[in-house]
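A short worksheet on the structure shown next.
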Amino acid sequence: MTISVIVPVYNVEKYLAKCLDSLVNQTHKEFEIILVNDGSTDSSQSIIESYQAQYPQRIILINQENAGQSAARNRGIQEAKGKYIYFLDSDDYIKPDTLAIMYKTAEMNKLDYVIDGFEQVDEDGIKLSTYSIPTIPHNVVFDPRTNDELFLIHNSVWNRLYVRDLIIDNELHFMSGVWYEDLLFGHQYLIYAKRAMVINQQFYYYVQRPGSIMSSMTSEKNLDIKIVFDELIKYYKEKRVYGQYKELIEFMAINEFYIATMVRLIRTNTMDLAHQVRDAFEASFPNYQKNPRIASFPMKRKLVYKLLNMKMYRILAKLFK
């Protein structure tokens, strides 16, 4: 088995068929699809069963009580038999040649980490934006442990190919019950990978669901980012690599924990939560303003950063209105 595609499923009856169609129509054929139904209460399970009846040799259905996306992915990892693992969210979909190109790229170059870009689309498939990785040379093998730019790219686990044995041998798993679990898992995996490549393609369609976006922007789960960064620092210290990555982790926190999360909350006028996030960030990274990488911010990012430091939230709200 070459690839195990792991898809956690929870109440996505509106999107699931498109996701599954994109998988069963892959030009690459030697792979398995592990669908972990995480206690769905809609028709998701029956949709999966109808596809499984058509593709019994390829689709594996696992039913479990609702335990969250992390638990569903962890169960998928346990059941996976492929040399490589690919994660796909059940409301997203991929291009027909995704697995073929990623597998061929990994095999030809003896890679243990393959990354591509993605297209952000709305529910009708209309493109909203394109995400590429211009900061890393494309189609060139590099050591991910020494590439600072890879450390700072989009914190998703989908749109990437992982080596299953690296995950199993190092006992990696997704942290349950928190948001930002992708950030933690991806950066834990990164220190074990030795050969990586960024492909100059956008194979993955990341679907933006308006209701989901709005609820996430105001949720108290935004505070989970402190838990995740604390766990990442703890893990790196245990593996005795924290000193090597300390500055990078702090800079990533400035971007993700501080700027991105604060702006998200300011835009929705969720100020009580914004104050909590700021207090948590400053408690974890009290010397963040001395980080030398701040000088690399582009002009707009630097402006936002300075406005946050000066607590000029009303101006920021107008800026992102």
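Simple scheme: letters A, B, ... for chains in structure tokens order, numbers from 1 for residues in each chain, numbers from 1 for ligands in the order shown.
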Excluding same-chain residues fewer than 6 positions from Gly125 in chain A, what lies within 10 Å of it counting only C-alpha atoms, as a short mmCIF file (atom, residue, chain, number, x, y, z; two decimals) with all heavy atoms, in the first residue's frame?
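Dumped everything to result.cif:
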data_model
loop_
_atom_site.label_atom_id
_atom_site.label_comp_id
_atom_site.auth_asym_id
_atom_site.auth_seq_id
_atom_site.Cartn_x
_atom_site.Cartn_y
_atom_site.Cartn_z
N GLU A 119 -5.63 26.17 -2.87
CA GLU A 119 -6.55 27.24 -3.29
C GLU A 119 -7.68 27.35 -2.28
O GLU A 119 -8.27 26.34 -1.89
CB GLU A 119 -7.12 26.95 -4.68
CG GLU A 119 -6.10 27.07 -5.80
CD GLU A 119 -6.72 26.95 -7.19
OE1 GLU A 119 -7.96 26.82 -7.27
OE2 GLU A 119 -5.96 26.98 -8.17
N TYR A 205 -8.05 21.99 -2.38
CA TYR A 205 -9.09 23.01 -2.35
C TYR A 205 -9.60 23.14 -0.91
O TYR A 205 -10.25 22.23 -0.38
CB TYR A 205 -10.25 22.65 -3.28
CG TYR A 205 -9.89 22.68 -4.75
CD1 TYR A 205 -9.68 21.50 -5.45
CD2 TYR A 205 -9.76 23.89 -5.44
CE1 TYR A 205 -9.34 21.52 -6.80
CE2 TYR A 205 -9.44 23.91 -6.79
CZ TYR A 205 -9.22 22.72 -7.46
OH TYR A 205 -8.89 22.75 -8.79
N TYR A 206 -9.29 24.26 -0.32
CA TYR A 206 -9.67 24.54 1.07
C TYR A 206 -10.96 25.35 1.07
O TYR A 206 -10.98 26.51 0.68
CB TYR A 206 -8.52 25.29 1.74
CG TYR A 206 -8.78 25.79 3.14
CD1 TYR A 206 -9.51 25.05 4.06
CD2 TYR A 206 -8.25 27.01 3.56
CE1 TYR A 206 -9.72 25.50 5.35
CE2 TYR A 206 -8.44 27.48 4.85
CZ TYR A 206 -9.18 26.72 5.74
OH TYR A 206 -9.38 27.18 7.01
N VAL A 207 -12.05 24.73 1.49
CA VAL A 207 -13.38 25.34 1.39
C VAL A 207 -13.65 26.23 2.60
O VAL A 207 -13.55 25.79 3.75
CB VAL A 207 -14.47 24.26 1.28
CG1 VAL A 207 -15.86 24.90 1.22
CG2 VAL A 207 -14.24 23.38 0.05
N GLN A 208 -14.01 27.47 2.32
CA GLN A 208 -14.37 28.42 3.37
C GLN A 208 -15.87 28.39 3.62
O GLN A 208 -16.65 28.70 2.74
CB GLN A 208 -13.93 29.83 2.97
CG GLN A 208 -12.43 30.01 2.89
CD GLN A 208 -11.78 29.92 4.25
OE1 GLN A 208 -11.82 30.85 5.04
NE2 GLN A 208 -11.18 28.78 4.56
#
Residue set, range 8-175 of chain A restricted to strand (DSSP E), as a VMD selection string: chain A and resid 8 to 9 31 to 38 59 to 64 84 to 87 93 to 94 113 to 121 127 to 131 160 to 163
So which residues touch Ala274 in chain A within 6 Å, counting only C-alpha atoms, skipping near sequence neighbours fewer than 3 positions away, as a short mmCIF file (atom, residue, chain, number, x, y, z; two decimals) with all heavy atoms, in the first residue's frame?
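The new file part_11.cif reads:
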data_model
loop_
_atom_site.label_atom_id
_atom_site.label_comp_id
_atom_site.auth_asym_id
_atom_site.auth_seq_id
_atom_site.Cartn_x
_atom_site.Cartn_y
_atom_site.Cartn_z
N MET A 262 -5.18 38.14 17.78
CA MET A 262 -5.66 39.43 18.25
C MET A 262 -6.46 40.17 17.17
O MET A 262 -7.54 40.72 17.45
CB MET A 262 -4.48 40.29 18.70
CG MET A 262 -3.87 39.88 20.03
SD MET A 262 -4.98 40.19 21.45
CE MET A 262 -4.97 41.99 21.50
N LEU A 265 -9.94 38.73 16.78
CA LEU A 265 -10.85 39.09 17.86
C LEU A 265 -11.22 40.57 17.83
O LEU A 265 -12.35 40.95 18.13
CB LEU A 265 -10.23 38.72 19.21
CG LEU A 265 -10.00 37.21 19.41
CD1 LEU A 265 -9.18 36.96 20.67
CD2 LEU A 265 -11.34 36.47 19.50
N MET A 271 -13.58 41.88 22.64
CA MET A 271 -12.44 42.49 23.31
C MET A 271 -12.07 41.83 24.64
O MET A 271 -10.89 41.79 25.01
CB MET A 271 -12.70 43.98 23.52
CG MET A 271 -12.78 44.77 22.20
SD MET A 271 -11.42 44.40 21.05
CE MET A 271 -9.99 44.85 22.01
N VAL A 277 -6.20 36.86 25.53
CA VAL A 277 -5.19 36.32 24.63
C VAL A 277 -3.89 37.09 24.77
O VAL A 277 -2.80 36.51 24.84
CB VAL A 277 -5.69 36.37 23.16
CG1 VAL A 277 -4.55 36.12 22.18
CG2 VAL A 277 -6.80 35.34 22.95
#
Secondary structure check, helix (DSSP H, G or I) residues of range 172-214 of chain A, as a count of residues only: 15
Spatial neighbours of Gln64 in chain A, 12 Å, only C-alpha atoms, chain gap at least 6 places, as a ChimeraX atom specification: /A:8-10,35-41,45,71-76
Could those residues be written to a file, using N, CA, C and O atoms, as a CSV table (one decimal), in the first residue's frame?
chain,number,residue,atom,x,y,z
A,8,PRO,N,-11.2,12.6,8.7
A,8,PRO,CA,-12.2,12.6,9.8
A,8,PRO,C,-13.5,13.2,9.3
A,8,PRO,O,-13.5,14.2,8.5
A,9,VAL,N,-14.6,12.6,9.7
A,9,VAL,CA,-15.9,13.0,9.2
A,9,VAL,C,-16.9,13.3,10.4
A,9,VAL,O,-17.0,12.5,11.3
A,10,TYR,N,-17.4,14.5,10.3
A,10,TYR,CA,-18.5,14.8,11.3
A,10,TYR,C,-19.5,15.8,10.8
A,10,TYR,O,-19.1,17.0,10.5
A,35,LEU,N,-11.9,6.5,6.4
A,35,LEU,CA,-12.9,7.5,6.8
A,35,LEU,C,-13.3,7.2,8.2
A,35,LEU,O,-13.9,6.1,8.5
A,36,VAL,N,-13.0,8.1,9.1
A,36,VAL,CA,-13.4,8.0,10.5
A,36,VAL,C,-14.6,8.8,10.8
A,36,VAL,O,-14.5,10.0,10.9
A,37,ASN,N,-15.7,8.1,10.9
A,37,ASN,CA,-17.0,8.8,11.2
A,37,ASN,C,-17.0,9.1,12.7
A,37,ASN,O,-17.2,8.2,13.5
A,38,ASP,N,-16.9,10.4,13.1
A,38,ASP,CA,-16.7,10.8,14.5
A,38,ASP,C,-18.1,11.1,15.1
A,38,ASP,O,-18.4,12.2,15.6
A,39,GLY,N,-19.0,10.1,15.1
A,39,GLY,CA,-20.3,10.2,15.7
A,39,GLY,C,-21.2,11.2,15.0
A,39,GLY,O,-22.0,11.9,15.6
A,40,SER,N,-21.2,11.2,13.7
A,40,SER,CA,-22.1,12.1,12.9
A,40,SER,C,-23.5,11.8,13.2
A,40,SER,O,-23.9,10.6,13.3
A,41,THR,N,-24.3,12.9,13.2
A,41,THR,CA,-25.8,12.7,13.5
A,41,THR,C,-26.6,13.0,12.2
A,41,THR,O,-27.8,13.0,12.3
A,45,GLN,N,-22.8,9.1,7.5
A,45,GLN,CA,-22.5,7.7,7.5
A,45,GLN,C,-23.1,6.9,6.3
A,45,GLN,O,-22.4,6.1,5.7
A,71,ALA,N,-8.9,13.1,17.7
A,71,ALA,CA,-9.1,11.7,18.0
A,71,ALA,C,-9.4,10.8,16.7
A,71,ALA,O,-8.9,9.7,16.6
A,72,ALA,N,-10.1,11.4,15.8
A,72,ALA,CA,-10.4,10.7,14.6
A,72,ALA,C,-9.2,10.6,13.7
A,72,ALA,O,-9.0,9.5,13.1
A,73,ARG,N,-8.4,11.6,13.6
A,73,ARG,CA,-7.1,11.4,12.9
A,73,ARG,C,-6.2,10.4,13.6
A,73,ARG,O,-5.5,9.6,12.9
A,74,ASN,N,-6.1,10.4,14.9
A,74,ASN,CA,-5.3,9.5,15.6
A,74,ASN,C,-5.7,8.0,15.3
A,74,ASN,O,-4.9,7.1,15.2
A,75,ARG,N,-7.0,7.8,15.3
A,75,ARG,CA,-7.6,6.5,15.0
A,75,ARG,C,-7.2,6.1,13.6
A,75,ARG,O,-6.8,4.9,13.3
A,76,GLY,N,-7.2,7.0,12.6
A,76,GLY,CA,-6.8,6.8,11.3
A,76,GLY,C,-5.4,6.4,11.2
A,76,GLY,O,-5.0,5.5,10.4
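Using only C-alpha atoms, the residues found no farther than 12 Å from Asp279 in chain A, other than those of its own chain fewer than 5 positions away, are Leu223, Lys226, Phe257, Tyr258, Met262, Asp272, Leu273, Ala274, Ser284, Phe285 and Pro286 of chain A.
Closest approach to Lys14 in chain A among A:Ile101, A:Thr2, A:Asp42, A:Lys300: A:Asp42, based on only C-alpha atoms.
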